[in-house]
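Source file: input-v2.pdb; contents: PDB, C-alpha atoms.
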ATOM      1  CA  MET A   1     -98.599 -35.253 -24.850
ATOM      2  CA  THR A   2     -96.310 -32.627 -23.386
ATOM      3  CA  GLU A   3     -98.009 -29.512 -22.071
ATOM      4  CA  ARG A   4     -96.362 -26.701 -24.065
ATOM      5  CA  SER A   5     -95.417 -23.453 -22.367
ATOM      6  CA  VAL A   6     -92.742 -20.780 -22.582
ATOM      7  CA  THR A   7     -91.721 -18.660 -19.608
ATOM      8  CA  HIS A   8     -89.708 -15.578 -20.562
ATOM      9  CA  ALA A   9     -87.480 -13.938 -17.998
ATOM     10  CA  THR A  10     -84.392 -11.800 -17.590
ATOM     11  CA  PHE A  11     -82.002 -11.835 -14.654
ATOM     12  CA  ARG A  12     -78.738 -10.107 -13.914
ATOM     13  CA  ILE A  13     -75.868 -11.158 -11.642
ATOM     14  CA  GLU A  14     -73.114  -8.713 -10.707
ATOM     15  CA  ARG A  15     -69.887  -9.563  -8.922
ATOM     16  CA  VAL A  16     -66.610  -7.798  -8.442
ATOM     17  CA  TYR A  17     -63.464  -9.914  -8.809
ATOM     18  CA  ASP A  18     -60.023  -8.960  -7.562
ATOM     19  CA  ALA A  19     -58.501  -9.625 -10.996
ATOM     20  CA  SER A  20     -58.059  -7.552 -14.145
ATOM     21  CA  PRO A  21     -60.563  -7.826 -17.035
ATOM     22  CA  LYS A  22     -57.768  -9.512 -18.987
ATOM     23  CA  ARG A  23     -57.468 -12.285 -16.400
ATOM     24  CA  VAL A  24     -61.210 -12.754 -16.098
ATOM     25  CA  PHE A  25     -61.523 -12.935 -19.898
ATOM     26  CA  ALA A  26     -58.711 -15.515 -19.990
ATOM     27  CA  ALA A  27     -60.645 -17.719 -17.547
ATOM     28  CA  TYR A  28     -63.255 -18.058 -20.323
ATOM     29  CA  ALA A  29     -60.961 -18.132 -23.344
ATOM     30  CA  ASP A  30     -58.430 -20.661 -22.017
ATOM     31  CA  PRO A  31     -60.030 -24.121 -22.369
ATOM     32  CA  GLU A  32     -58.001 -25.625 -19.537
ATOM     33  CA  ALA A  33     -59.034 -22.902 -17.100
ATOM     34  CA  ARG A  34     -62.672 -22.946 -18.181
ATOM     35  CA  ARG A  35     -62.902 -26.690 -17.916
ATOM     36  CA  ARG A  36     -61.752 -26.356 -14.292
ATOM     37  CA  TRP A  37     -64.318 -23.833 -13.100
ATOM     38  CA  PHE A  38     -67.156 -24.015 -15.634
ATOM     39  CA  VAL A  39     -67.337 -27.692 -16.523
ATOM     40  CA  GLU A  40     -66.003 -29.804 -13.663
ATOM     41  CA  GLY A  41     -67.790 -29.928 -10.343
ATOM     42  CA  GLU A  42     -68.614 -32.331  -7.551
ATOM     43  CA  GLY A  43     -71.244 -34.841  -8.642
ATOM     44  CA  TRP A  44     -70.933 -34.009 -12.361
ATOM     45  CA  ASP A  45     -69.831 -36.706 -14.815
ATOM     46  CA  ILE A  46     -68.599 -35.137 -18.033
ATOM     47  CA  GLU A  47     -69.223 -37.403 -21.032
ATOM     48  CA  SER A  48     -68.042 -35.050 -23.753
ATOM     49  CA  CYS A  49     -66.823 -31.473 -23.839
ATOM     50  CA  GLU A  50     -65.584 -29.358 -26.746
ATOM     51  CA  LEU A  51     -64.586 -25.841 -25.814
ATOM     52  CA  ASP A  52     -63.963 -23.358 -28.618
ATOM     53  CA  PHE A  53     -64.317 -19.764 -27.491
ATOM     54  CA  ARG A  54     -64.308 -17.793 -30.748
ATOM     55  CA  GLU A  55     -66.867 -15.580 -32.451
ATOM     56  CA  GLY A  56     -69.078 -17.658 -34.730
ATOM     57  CA  THR A  57     -68.248 -21.049 -33.205
ATOM     58  CA  THR A  58     -70.423 -23.617 -31.450
ATOM     59  CA  GLU A  59     -69.551 -25.697 -28.405
ATOM     60  CA  HIS A  60     -71.202 -28.989 -27.469
ATOM     61  CA  SER A  61     -70.985 -30.832 -24.211
ATOM     62  CA  THR A  62     -72.840 -33.708 -22.548
ATOM     63  CA  PHE A  63     -72.837 -34.629 -18.880
ATOM     64  CA  ARG A  64     -74.846 -36.203 -16.060
ATOM     65  CA  PHE A  65     -75.456 -35.123 -12.519
ATOM     66  CA  ARG A  66     -75.066 -37.957 -10.001
ATOM     67  CA  GLY A  67     -76.002 -40.694 -12.476
ATOM     68  CA  GLY A  68     -79.125 -38.814 -13.686
ATOM     69  CA  PRO A  69     -80.319 -38.392 -17.296
ATOM     70  CA  LEU A  70     -77.969 -37.193 -20.009
ATOM     71  CA  ILE A  71     -77.834 -33.392 -20.194
ATOM     72  CA  ARG A  72     -76.677 -31.611 -23.343
ATOM     73  CA  ASN A  73     -75.506 -28.027 -23.624
ATOM     74  CA  ASP A  74     -75.037 -26.406 -27.055
ATOM     75  CA  THR A  75     -73.504 -22.940 -26.990
ATOM     76  CA  TRP A  76     -73.080 -20.403 -29.809
ATOM     77  CA  TYR A  77     -70.825 -17.342 -29.614
ATOM     78  CA  HIS A  78     -72.380 -14.388 -31.415
ATOM     79  CA  GLU A  79     -69.955 -11.619 -30.511
ATOM     80  CA  ILE A  80     -66.674 -11.491 -28.588
ATOM     81  CA  VAL A  81     -64.786  -8.284 -27.763
ATOM     82  CA  GLU A  82     -61.518  -9.316 -26.130
ATOM     83  CA  ASN A  83     -61.256  -8.401 -22.442
ATOM     84  CA  GLN A  84     -64.536  -6.455 -22.601
ATOM     85  CA  ARG A  85     -67.613  -8.542 -23.283
ATOM     86  CA  PHE A  86     -69.192 -11.422 -25.143
ATOM     87  CA  VAL A  87     -72.669 -12.452 -26.237
ATOM     88  CA  PHE A  88     -73.632 -16.096 -26.550
ATOM     89  CA  SER A  89     -76.699 -18.289 -26.596
ATOM     90  CA  TYR A  90     -77.123 -21.755 -25.195
ATOM     91  CA  ALA A  91     -79.752 -24.462 -25.353
ATOM     92  CA  MET A  92     -80.138 -27.171 -22.710
ATOM     93  CA  VAL A  93     -81.621 -30.611 -23.340
ATOM     94  CA  VAL A  94     -82.300 -33.101 -20.526
ATOM     95  CA  GLY A  95     -82.989 -36.625 -21.782
ATOM     96  CA  ASP A  96     -85.276 -35.988 -24.778
ATOM     97  CA  ASP A  97     -86.663 -32.686 -23.540
ATOM     98  CA  ARG A  98     -85.383 -29.266 -24.528
ATOM     99  CA  ILE A  99     -85.724 -27.291 -21.305
ATOM    100  CA  SER A 100     -84.431 -23.837 -22.214
ATOM    101  CA  VAL A 101     -82.884 -21.498 -24.738
ATOM    102  CA  SER A 102     -81.007 -18.516 -23.295
ATOM    103  CA  LEU A 103     -79.182 -15.458 -24.542
ATOM    104  CA  GLY A 104     -76.294 -14.471 -22.268
ATOM    105  CA  THR A 105     -74.234 -11.281 -22.132
ATOM    106  CA  VAL A 106     -71.063 -11.054 -20.052
ATOM    107  CA  GLU A 107     -69.655  -7.552 -19.508
ATOM    108  CA  LEU A 108     -66.220  -7.074 -17.930
ATOM    109  CA  ILE A 109     -66.008  -3.530 -16.575
ATOM    110  CA  PRO A 110     -62.767  -2.253 -14.973
ATOM    111  CA  ASP A 111     -63.372  -1.507 -11.287
ATOM    112  CA  GLY A 112     -60.276  -0.154  -9.515
ATOM    113  CA  ASN A 113     -57.694  -2.921  -9.956
ATOM    114  CA  GLY A 114     -60.435  -5.461 -10.344
ATOM    115  CA  THR A 115     -63.339  -6.264 -12.618
ATOM    116  CA  ARG A 116     -67.060  -5.862 -12.284
ATOM    117  CA  HIS A 117     -68.462  -8.956 -13.991
ATOM    118  CA  VAL A 118     -72.056  -8.454 -15.117
ATOM    119  CA  TYR A 119     -73.974 -11.434 -16.461
ATOM    120  CA  THR A 120     -77.386 -10.855 -18.009
ATOM    121  CA  GLU A 121     -79.459 -13.852 -19.032
ATOM    122  CA  GLN A 122     -82.505 -13.411 -21.234
ATOM    123  CA  GLY A 123     -84.183 -16.790 -21.299
ATOM    124  CA  ALA A 124     -87.040 -18.814 -22.699
ATOM    125  CA  TYR A 125     -87.733 -21.675 -20.256
ATOM    126  CA  LEU A 126     -89.729 -24.410 -21.914
ATOM    127  CA  ASP A 127     -92.635 -26.631 -20.899
ATOM    128  CA  GLY A 128     -92.128 -26.139 -17.159
ATOM    129  CA  TYR A 129     -88.974 -28.262 -17.003
ATOM    130  CA  ASP A 130     -86.848 -25.556 -15.459
ATOM    131  CA  ASN A 131     -87.580 -22.393 -13.553
ATOM    132  CA  VAL A 132     -85.893 -19.034 -13.475
ATOM    133  CA  ALA A 133     -84.945 -19.098  -9.771
ATOM    134  CA  GLN A 134     -83.203 -22.436 -10.234
ATOM    135  CA  ARG A 135     -81.316 -21.179 -13.294
ATOM    136  CA  GLU A 136     -80.250 -18.002 -11.525
ATOM    137  CA  GLU A 137     -79.004 -20.014  -8.544
ATOM    138  CA  GLY A 138     -77.028 -22.300 -10.880
ATOM    139  CA  CYS A 139     -75.389 -19.254 -12.486
ATOM    140  CA  ARG A 140     -74.527 -17.771  -9.063
ATOM    141  CA  GLN A 141     -72.745 -21.015  -8.189
ATOM    142  CA  LEU A 142     -70.799 -20.802 -11.459
ATOM    143  CA  TYR A 143     -69.616 -17.283 -10.693
ATOM    144  CA  GLU A 144     -68.598 -18.460  -7.227
ATOM    145  CA  ALA A 145     -66.519 -21.152  -8.954
ATOM    146  CA  LEU A 146     -64.999 -18.430 -11.157
ATOM    147  CA  ALA A 147     -63.982 -16.541  -7.986
ATOM    148  CA  ARG A 148     -62.167 -19.673  -6.762
ATOM    149  CA  GLU A 149     -60.479 -20.098 -10.156
ATOM    150  CA  LEU A 150     -59.189 -16.517 -10.062
ATOM    151  CA  GLU A 151     -57.977 -16.941  -6.460
ATOM    152  CA  ARG A 152     -56.213 -20.140  -7.446
ATOM    153  CA  LYS A 153     -54.369 -18.359 -10.269
ATOM    154  CA  LYS A 154     -53.369 -15.571  -7.910
ATOM    155  CA  ALA A 155     -51.948 -18.052  -5.387
ATOM    156  CA  ALA A 156     -50.028 -19.931  -8.084
TER     157      ALA A 156
ATOM    158  CA  MET B   1     -76.319   5.032 -26.227
ATOM    159  CA  ALA B   2     -72.562   5.262 -25.749
ATOM    160  CA  ILE B   3     -69.768   3.292 -27.382
ATOM    161  CA  ASN B   4     -69.279  -0.057 -25.603
ATOM    162  CA  SER B   5     -72.786   0.078 -24.300
ATOM    163  CA  VAL B   6     -75.080  -2.879 -24.001
ATOM    164  CA  ASP B   7     -78.836  -2.425 -23.970
ATOM    165  CA  HIS B   8     -81.161  -5.292 -22.993
ATOM    166  CA  ALA B   9     -84.876  -5.174 -23.751
ATOM    167  CA  THR B  10     -87.924  -7.389 -24.127
ATOM    168  CA  ILE B  11     -90.474  -6.692 -26.838
ATOM    169  CA  VAL B  12     -93.813  -8.535 -26.879
ATOM    170  CA  LEU B  13     -96.128  -8.372 -29.895
ATOM    171  CA  GLU B  14     -99.467 -10.133 -30.261
ATOM    172  CA  ARG B  15    -101.781 -10.689 -33.198
ATOM    173  CA  HIS B  16    -105.033 -12.473 -33.893
ATOM    174  CA  PHE B  17    -105.416 -14.006 -37.361
ATOM    175  CA  ASP B  18    -108.692 -15.377 -38.728
ATOM    176  CA  VAL B  19    -107.033 -18.378 -40.338
ATOM    177  CA  PRO B  20    -106.184 -21.809 -38.912
ATOM    178  CA  VAL B  21    -103.012 -22.052 -36.859
ATOM    179  CA  GLU B  22    -101.364 -24.437 -39.385
ATOM    180  CA  ARG B  23    -101.510 -21.760 -42.072
ATOM    181  CA  VAL B  24     -99.854 -19.147 -39.857
ATOM    182  CA  PHE B  25     -97.159 -21.607 -38.813
ATOM    183  CA  GLU B  26     -96.550 -22.459 -42.479
ATOM    184  CA  ALA B  27     -96.004 -18.759 -43.265
ATOM    185  CA  PHE B  28     -93.050 -18.884 -40.833
ATOM    186  CA  ALA B  29     -91.765 -22.293 -41.904
ATOM    187  CA  ASP B  30     -91.668 -21.526 -45.633
ATOM    188  CA  PRO B  31     -88.846 -19.106 -46.591
ATOM    189  CA  ASP B  32     -90.639 -18.116 -49.825
ATOM    190  CA  ALA B  33     -93.643 -17.012 -47.787
ATOM    191  CA  ARG B  34     -91.396 -15.203 -45.311
ATOM    192  CA  MET B  35     -89.698 -13.289 -48.112
ATOM    193  CA  ARG B  36     -93.125 -11.967 -49.078
ATOM    194  CA  TRP B  37     -94.222 -10.698 -45.665
ATOM    195  CA  GLY B  38     -90.941 -10.327 -43.724
ATOM    196  CA  ALA B  39     -89.702  -7.002 -45.098
ATOM    197  CA  PRO B  40     -91.256  -4.176 -43.070
ATOM    198  CA  SER B  41     -92.167  -1.890 -45.992
ATOM    199  CA  ALA B  42     -92.368  -1.695 -49.794
ATOM    200  CA  ASP B  43     -89.028   0.144 -50.023
ATOM    201  CA  THR B  44     -87.189  -2.557 -48.032
ATOM    202  CA  ALA B  45     -86.340  -6.104 -49.051
ATOM    203  CA  LEU B  46     -85.371  -9.436 -47.519
ATOM    204  CA  VAL B  47     -83.388 -11.969 -49.547
ATOM    205  CA  TYR B  48     -82.376 -15.418 -48.300
ATOM    206  CA  GLU B  49     -78.910 -16.749 -49.112
ATOM    207  CA  GLU B  50     -79.299 -19.944 -47.114
ATOM    208  CA  THR B  51     -82.338 -21.565 -45.466
ATOM    209  CA  ASP B  52     -82.751 -24.578 -43.213
ATOM    210  CA  PHE B  53     -85.891 -24.535 -41.084
ATOM    211  CA  SER B  54     -84.978 -27.343 -38.690
ATOM    212  CA  VAL B  55     -83.719 -27.601 -35.123
ATOM    213  CA  GLY B  56     -79.989 -26.827 -35.308
ATOM    214  CA  GLY B  57     -80.421 -25.331 -38.798
ATOM    215  CA  ARG B  58     -80.063 -21.703 -39.816
ATOM    216  CA  ASP B  59     -81.187 -19.085 -42.305
ATOM    217  CA  VAL B  60     -78.810 -16.479 -43.627
ATOM    218  CA  SER B  61     -80.354 -13.432 -45.237
ATOM    219  CA  ARG B  62     -79.637  -9.867 -46.252
ATOM    220  CA  CYS B  63     -82.049  -7.035 -45.709
ATOM    221  CA  GLY B  64     -82.278  -3.272 -45.902
ATOM    222  CA  PRO B  65     -83.493  -0.614 -48.303
ATOM    223  CA  VAL B  66     -84.159  -1.991 -51.809
ATOM    224  CA  GLY B  67     -80.877  -1.848 -53.759
ATOM    225  CA  ASN B  68     -78.789  -1.509 -50.579
ATOM    226  CA  LEU B  69     -79.189  -4.652 -48.481
ATOM    227  CA  LEU B  70     -76.675  -3.538 -45.885
ATOM    228  CA  PHE B  71     -77.715  -5.795 -43.015
ATOM    229  CA  SER B  72     -76.735  -9.419 -42.768
ATOM    230  CA  VAL B  73     -78.963 -11.634 -40.589
ATOM    231  CA  GLU B  74     -78.296 -15.104 -39.245
ATOM    232  CA  ASN B  75     -81.274 -16.873 -37.731
ATOM    233  CA  ARG B  76     -80.536 -20.087 -35.862
ATOM    234  CA  TYR B  77     -83.392 -22.440 -34.918
ATOM    235  CA  HIS B  78     -83.211 -23.914 -31.422
ATOM    236  CA  ASP B  79     -86.676 -25.327 -30.896
ATOM    237  CA  ILE B  80     -89.519 -26.039 -33.318
ATOM    238  CA  VAL B  81     -92.833 -27.616 -32.325
ATOM    239  CA  ALA B  82     -95.051 -27.799 -35.426
ATOM    240  CA  GLY B  83     -98.114 -25.587 -35.072
ATOM    241  CA  ARG B  84     -97.081 -24.502 -31.552
ATOM    242  CA  ARG B  85     -93.828 -22.581 -31.358
ATOM    243  CA  ILE B  86     -90.510 -21.565 -32.898
ATOM    244  CA  VAL B  87     -87.549 -20.440 -30.783
ATOM    245  CA  SER B  88     -84.572 -18.940 -32.582
ATOM    246  CA  THR B  89     -81.692 -16.517 -32.122
ATOM    247  CA  GLU B  90     -81.166 -13.754 -34.641
ATOM    248  CA  THR B  91     -77.828 -11.989 -35.090
ATOM    249  CA  VAL B  92     -77.862  -8.776 -37.128
ATOM    250  CA  SER B  93     -74.543  -7.465 -38.498
ATOM    251  CA  GLN B  94     -73.389  -4.678 -40.740
ATOM    252  CA  GLY B  95     -70.024  -5.569 -42.253
ATOM    253  CA  ASP B  96     -67.913  -7.016 -39.415
ATOM    254  CA  LYS B  97     -69.913  -5.295 -36.719
ATOM    255  CA  VAL B  98     -72.569  -7.177 -34.750
ATOM    256  CA  LEU B  99     -75.405  -4.736 -34.046
ATOM    257  CA  SER B 100     -77.748  -6.939 -32.048
ATOM    258  CA  VAL B 101     -78.540 -10.474 -30.981
ATOM    259  CA  ALA B 102     -82.098 -11.481 -30.137
ATOM    260  CA  LEU B 103     -83.795 -14.534 -28.706
ATOM    261  CA  ILE B 104     -87.121 -14.731 -30.490
ATOM    262  CA  ALA B 105     -89.947 -17.044 -29.431
ATOM    263  CA  VAL B 106     -93.090 -17.215 -31.552
ATOM    264  CA  GLU B 107     -95.988 -19.026 -29.904
ATOM    265  CA  PHE B 108     -99.089 -20.075 -31.852
ATOM    266  CA  THR B 109    -102.355 -20.868 -30.088
ATOM    267  CA  ALA B 110    -105.405 -22.243 -31.872
ATOM    268  CA  ALA B 111    -108.652 -20.401 -31.055
ATOM    269  CA  ASN B 112    -111.487 -22.260 -32.828
ATOM    270  CA  SER B 113    -110.516 -21.875 -36.494
ATOM    271  CA  ALA B 114    -108.376 -18.781 -35.815
ATOM    272  CA  CYS B 115    -104.857 -18.269 -34.472
ATOM    273  CA  HIS B 116    -103.460 -16.163 -31.673
ATOM    274  CA  LEU B 117     -99.795 -15.338 -32.140
ATOM    275  CA  MET B 118     -97.439 -14.069 -29.465
ATOM    276  CA  LEU B 119     -93.929 -13.028 -30.392
ATOM    277  CA  THR B 120     -91.426 -12.361 -27.596
ATOM    278  CA  ASP B 121     -88.185 -10.715 -28.669
ATOM    279  CA  GLN B 122     -85.496 -10.618 -25.963
ATOM    280  CA  ILE B 123     -82.810  -8.467 -27.487
ATOM    281  CA  VAL B 124     -79.357  -7.189 -26.654
ATOM    282  CA  ALA B 125     -78.341  -4.136 -28.701
ATOM    283  CA  LEU B 126     -74.619  -3.399 -28.897
ATOM    284  CA  ASP B 127     -72.791  -0.050 -29.004
ATOM    285  CA  SER B 128     -74.818   2.960 -30.021
ATOM    286  CA  SER B 129     -76.988   0.861 -32.293
ATOM    287  CA  ASP B 130     -80.619   1.837 -32.268
ATOM    288  CA  MET B 131     -81.623  -1.787 -32.652
ATOM    289  CA  VAL B 132     -84.219  -2.020 -29.892
ATOM    290  CA  ALA B 133     -86.456   0.573 -31.548
ATOM    291  CA  GLY B 134     -85.523  -0.804 -34.984
ATOM    292  CA  ASN B 135     -86.445  -4.350 -34.020
ATOM    293  CA  ARG B 136     -89.750  -3.302 -32.514
ATOM    294  CA  ALA B 137     -90.781  -1.247 -35.543
ATOM    295  CA  GLY B 138     -89.544  -3.873 -38.015
ATOM    296  CA  LEU B 139     -91.302  -6.812 -36.350
ATOM    297  CA  ASP B 140     -94.492  -4.840 -35.798
ATOM    298  CA  ALA B 141     -94.658  -3.893 -39.474
ATOM    299  CA  ALA B 142     -93.762  -7.435 -40.574
ATOM    300  CA  LEU B 143     -96.620  -8.916 -38.514
ATOM    301  CA  ASP B 144     -99.035  -6.421 -40.105
ATOM    302  CA  ASN B 145     -97.782  -7.607 -43.503
ATOM    303  CA  LEU B 146     -98.260 -11.189 -42.377
ATOM    304  CA  GLY B 147    -101.922 -10.413 -41.643
ATOM    305  CA  ARG B 148    -102.367  -8.992 -45.151
ATOM    306  CA  TYR B 149    -100.469 -11.917 -46.671
ATOM    307  CA  LEU B 150    -102.734 -14.440 -44.907
ATOM    308  CA  ARG B 151    -105.901 -12.580 -45.936
ATOM    309  CA  ARG B 152    -104.737 -12.440 -49.567
ATOM    310  CA  ALA B 153    -103.863 -16.139 -49.544
ATOM    311  CA  ALA B 154    -107.284 -16.960 -48.062
ATOM    312  CA  ALA B 155    -109.182 -14.842 -50.637
TER     313      ALA B 155
END

Exercise: express the given structure as structure tokens:
Amino acid sequence: MTERSVTHATFRIERVYDASPKRVFAAYADPEARRRWFVEGEGWDIESCELDFREGTTEHSTFRFRGGPLIRNDTWYHEIVENQRFVFSYAMVVGDDRISVSLGTVELIPDGNGTRHVYTEQGAYLDGYDNVAQREEGCRQLYEALARELERKKAA
Amino acid sequence: MAINSVDHATIVLERHFDVPVERVFEAFADPDARMRWGAPSADTALVYEETDFSVGGRDVSRCGPVGNLLFSVENRYHDIVAGRRIVSTETVSQGDKVLSVALIAVEFTAANSACHLMLTDQIVALDSSDMVAGNRAGLDAALDNLGRYLRRAAA
């Protein structure tokens, strides 16, 4: 029988991007752009991916990391204010085990000609399958990938 | 709080109920039971328009002062372990405006023939809404009602 536990935690990641809030927002809203920086990555095999960034919608995707167990991500968008912020929740399942449910807030605050991107995750990490430090590190890598996406657009 | 502000908070509430854990869990699982104890006070009401207590399912309800149910609430269930825990997200709106979104985990622990309940509410309140204080007061009062509801049902 699975040992049941819930670890509650909140973490916050701030970064400043050399791109307007409008461009940063577009990197989320445009499915092609988001697939590039948010979904694809070395070692990740994407089995299914539906991106639909609108208030009230749900997104589902399934993938594996280096031939490992199937991972599922279900995301719900609760509130979206164009170019300013959005609130979403996502649940992660690895194999048959639900490992976490998180509430995420992304704030896009004008900062000179750029954008201060503030991500706050309020999470419930389940049954010891995942830990907060690991999740925070994963998110930092995502926001690094977003920096590369925005650089790429600038160069284009 | 200013316009465009975002306020994050964590609220933890605990209760001890002198009834078996299954009965407390059932009071959450059954929408008819929830309608009886979920409204914080006698002059407020909670009415379900849609209920589906299952993983991936949702409840849609209206609540507010009796005769003026101005808040619309969507509760989406992400994780349910019978007799152990319920994890859901709750979005509260007024008209088109989202006031708050909360990740709510309710954990039930059996203690002999009694139940210890821990509710953790991780909330984000949006734009000038006083939803952190509102959530705390509302949940606190609802859990007191739950205690009375369970005692009445046991009598």

If the PyMOL selection byres ((chain B and resi 101-108) around 6) were run on this exact file, what residues would it hold? Put them as an NGL selection string. :B and (84-91 or 100 or 109 or 116-124)

Practice item. List the residues selected by the PyMOL selection byres ((chain B and resi 97) around 12) in the file shown, writing them as an MDAnalysis selection string. Key: (chainID A and resid 55 78:81) or (chainID B and resid 70:73 91:96 98:101 125:129)

Legend entry - Shortest interatomic distance to Ala26 of chain A - which of A:Glu149, A:Glu14, A:Glu121, A:Glu42, counting only C-alpha atoms: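 Closest candidate: A:Glu149.
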
Contacts of Thr7 of chain A at 7 Å (all atoms listed in the file; same-chain gap of 3+ positions) as a ChimeraX atom specification = /A:124-126

Dump as a PDB file with C-alpha atoms, in the frame of the given file the residues of chain A that approach chain B to within 10 Å, counting all atoms listed in the file.
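As a result, out.pdb now contains:
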ATOM      1  CA  ARG A   4     -96.362 -26.701 -24.065  1.00  0.00           C
ATOM      2  CA  SER A   5     -95.417 -23.453 -22.367  1.00  0.00           C
ATOM      3  CA  VAL A   6     -92.742 -20.780 -22.582  1.00  0.00           C
ATOM      4  CA  HIS A   8     -89.708 -15.578 -20.562  1.00  0.00           C
ATOM      5  CA  ALA A   9     -87.480 -13.938 -17.998  1.00  0.00           C
ATOM      6  CA  THR A  10     -84.392 -11.800 -17.590  1.00  0.00           C
ATOM      7  CA  ASP A  74     -75.037 -26.406 -27.055  1.00  0.00           C
ATOM      8  CA  TRP A  76     -73.080 -20.403 -29.809  1.00  0.00           C
ATOM      9  CA  HIS A  78     -72.380 -14.388 -31.415  1.00  0.00           C
ATOM     10  CA  GLU A  79     -69.955 -11.619 -30.511  1.00  0.00           C
ATOM     11  CA  ILE A  80     -66.674 -11.491 -28.588  1.00  0.00           C
ATOM     12  CA  VAL A  81     -64.786  -8.284 -27.763  1.00  0.00           C
ATOM     13  CA  GLN A  84     -64.536  -6.455 -22.601  1.00  0.00           C
ATOM     14  CA  ARG A  85     -67.613  -8.542 -23.283  1.00  0.00           C
ATOM     15  CA  VAL A  87     -72.669 -12.452 -26.237  1.00  0.00           C
ATOM     16  CA  PHE A  88     -73.632 -16.096 -26.550  1.00  0.00           C
ATOM     17  CA  SER A  89     -76.699 -18.289 -26.596  1.00  0.00           C
ATOM     18  CA  TYR A  90     -77.123 -21.755 -25.195  1.00  0.00           C
ATOM     19  CA  ALA A  91     -79.752 -24.462 -25.353  1.00  0.00           C
ATOM     20  CA  MET A  92     -80.138 -27.171 -22.710  1.00  0.00           C
ATOM     21  CA  ARG A  98     -85.383 -29.266 -24.528  1.00  0.00           C
ATOM     22  CA  ILE A  99     -85.724 -27.291 -21.305  1.00  0.00           C
ATOM     23  CA  SER A 100     -84.431 -23.837 -22.214  1.00  0.00           C
ATOM     24  CA  VAL A 101     -82.884 -21.498 -24.738  1.00  0.00           C
ATOM     25  CA  SER A 102     -81.007 -18.516 -23.295  1.00  0.00           C
ATOM     26  CA  LEU A 103     -79.182 -15.458 -24.542  1.00  0.00           C
ATOM     27  CA  GLY A 104     -76.294 -14.471 -22.268  1.00  0.00           C
ATOM     28  CA  THR A 105     -74.234 -11.281 -22.132  1.00  0.00           C
ATOM     29  CA  VAL A 106     -71.063 -11.054 -20.052  1.00  0.00           C
ATOM     30  CA  GLU A 107     -69.655  -7.552 -19.508  1.00  0.00           C
ATOM     31  CA  THR A 120     -77.386 -10.855 -18.009  1.00  0.00           C
ATOM     32  CA  GLU A 121     -79.459 -13.852 -19.032  1.00  0.00           C
ATOM     33  CA  GLN A 122     -82.505 -13.411 -21.234  1.00  0.00           C
ATOM     34  CA  GLY A 123     -84.183 -16.790 -21.299  1.00  0.00           C
ATOM     35  CA  ALA A 124     -87.040 -18.814 -22.699  1.00  0.00           C
ATOM     36  CA  LEU A 126     -89.729 -24.410 -21.914  1.00  0.00           C
TER      37      LEU A 126
END

Report task. Would you kindly return, as a ChimeraX atom specification, each protein, DNA or RNA residue with an atom no farther than 7 Å from any atom of Ala45 of chain B, considering all atoms listed in the file and excluding same-chain residues fewer than 3 positions away? Result -> /B:39,63-66

Restricting to only C-alpha atoms, whichever of B:Val19, B:Met131, B:Leu139, B:Asn75 is closest to Ala153 of chain B is B:Val19

Could you tell me, as JSON, numbers by chain, exactly which residues end up selected when the PyMOL selection byres ((chain A and resi 112-115) around 7) is applied to this structure? {"A": [16, 17, 18, 19, 20, 21, 108, 109, 110, 111, 116, 117]}

- Using only C-alpha atoms, which residues sit within 12 Å of segment 148-150 of chain B once same-chain residues fewer than 4 positions away are excluded, as a PyMOL selection string? chain B and resi 16-28+33-39+114-115+141-144+154-155

Give me a file of those residues, with C-alpha atoms, as a CSV table (one decimal), in the frame of the given file.
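Resulting contents of result_9.csv:
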chain,number,residue,atom,x,y,z
B,16,HIS,CA,-105.0,-12.5,-33.9
B,17,PHE,CA,-105.4,-14.0,-37.4
B,18,ASP,CA,-108.7,-15.4,-38.7
B,19,VAL,CA,-107.0,-18.4,-40.3
B,20,PRO,CA,-106.2,-21.8,-38.9
B,21,VAL,CA,-103.0,-22.1,-36.9
B,22,GLU,CA,-101.4,-24.4,-39.4
B,23,ARG,CA,-101.5,-21.8,-42.1
B,24,VAL,CA,-99.9,-19.1,-39.9
B,25,PHE,CA,-97.2,-21.6,-38.8
B,26,GLU,CA,-96.6,-22.5,-42.5
B,27,ALA,CA,-96.0,-18.8,-43.3
B,28,PHE,CA,-93.0,-18.9,-40.8
B,33,ALA,CA,-93.6,-17.0,-47.8
B,34,ARG,CA,-91.4,-15.2,-45.3
B,35,MET,CA,-89.7,-13.3,-48.1
B,36,ARG,CA,-93.1,-12.0,-49.1
B,37,TRP,CA,-94.2,-10.7,-45.7
B,38,GLY,CA,-90.9,-10.3,-43.7
B,39,ALA,CA,-89.7,-7.0,-45.1
B,114,ALA,CA,-108.4,-18.8,-35.8
B,115,CYS,CA,-104.9,-18.3,-34.5
B,141,ALA,CA,-94.7,-3.9,-39.5
B,142,ALA,CA,-93.8,-7.4,-40.6
B,143,LEU,CA,-96.6,-8.9,-38.5
B,144,ASP,CA,-99.0,-6.4,-40.1
B,154,ALA,CA,-107.3,-17.0,-48.1
B,155,ALA,CA,-109.2,-14.8,-50.6

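Atom pair atom CA of Phe25 of chain A / atom CA of Ser48 of chain A has a distance of 23.4 Å (rounded to one decimal).
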
- request: Kindly give the distance, in Å, that separates atom CA of Phe38 of chain A and atom CA of Ile71 of chain A, rounded to a single decimal.
  value: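 Atom CA of Ile71 of chain A lies at a distance of 14.9 Å from atom CA of Phe38 of chain A.
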
For this session: Quick one: residues within 8 Å of (-69.8, -31.4, -18.6) (file frame), counting all atoms listed in the file, please, as a ChimeraX atom specification.
Result: /A:39-40,44-49,61-64

Atom CA of Glu50 of chain A sits from atom CA of Val93 of chain A at a separation of 16.4 Å

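With all atoms listed in the file as the atoms that count, the minimum distance from Thr2 of chain A to the choices A:Arg15, A:Gly128, A:Glu137, A:Gly56 is reached by A:Gly128.
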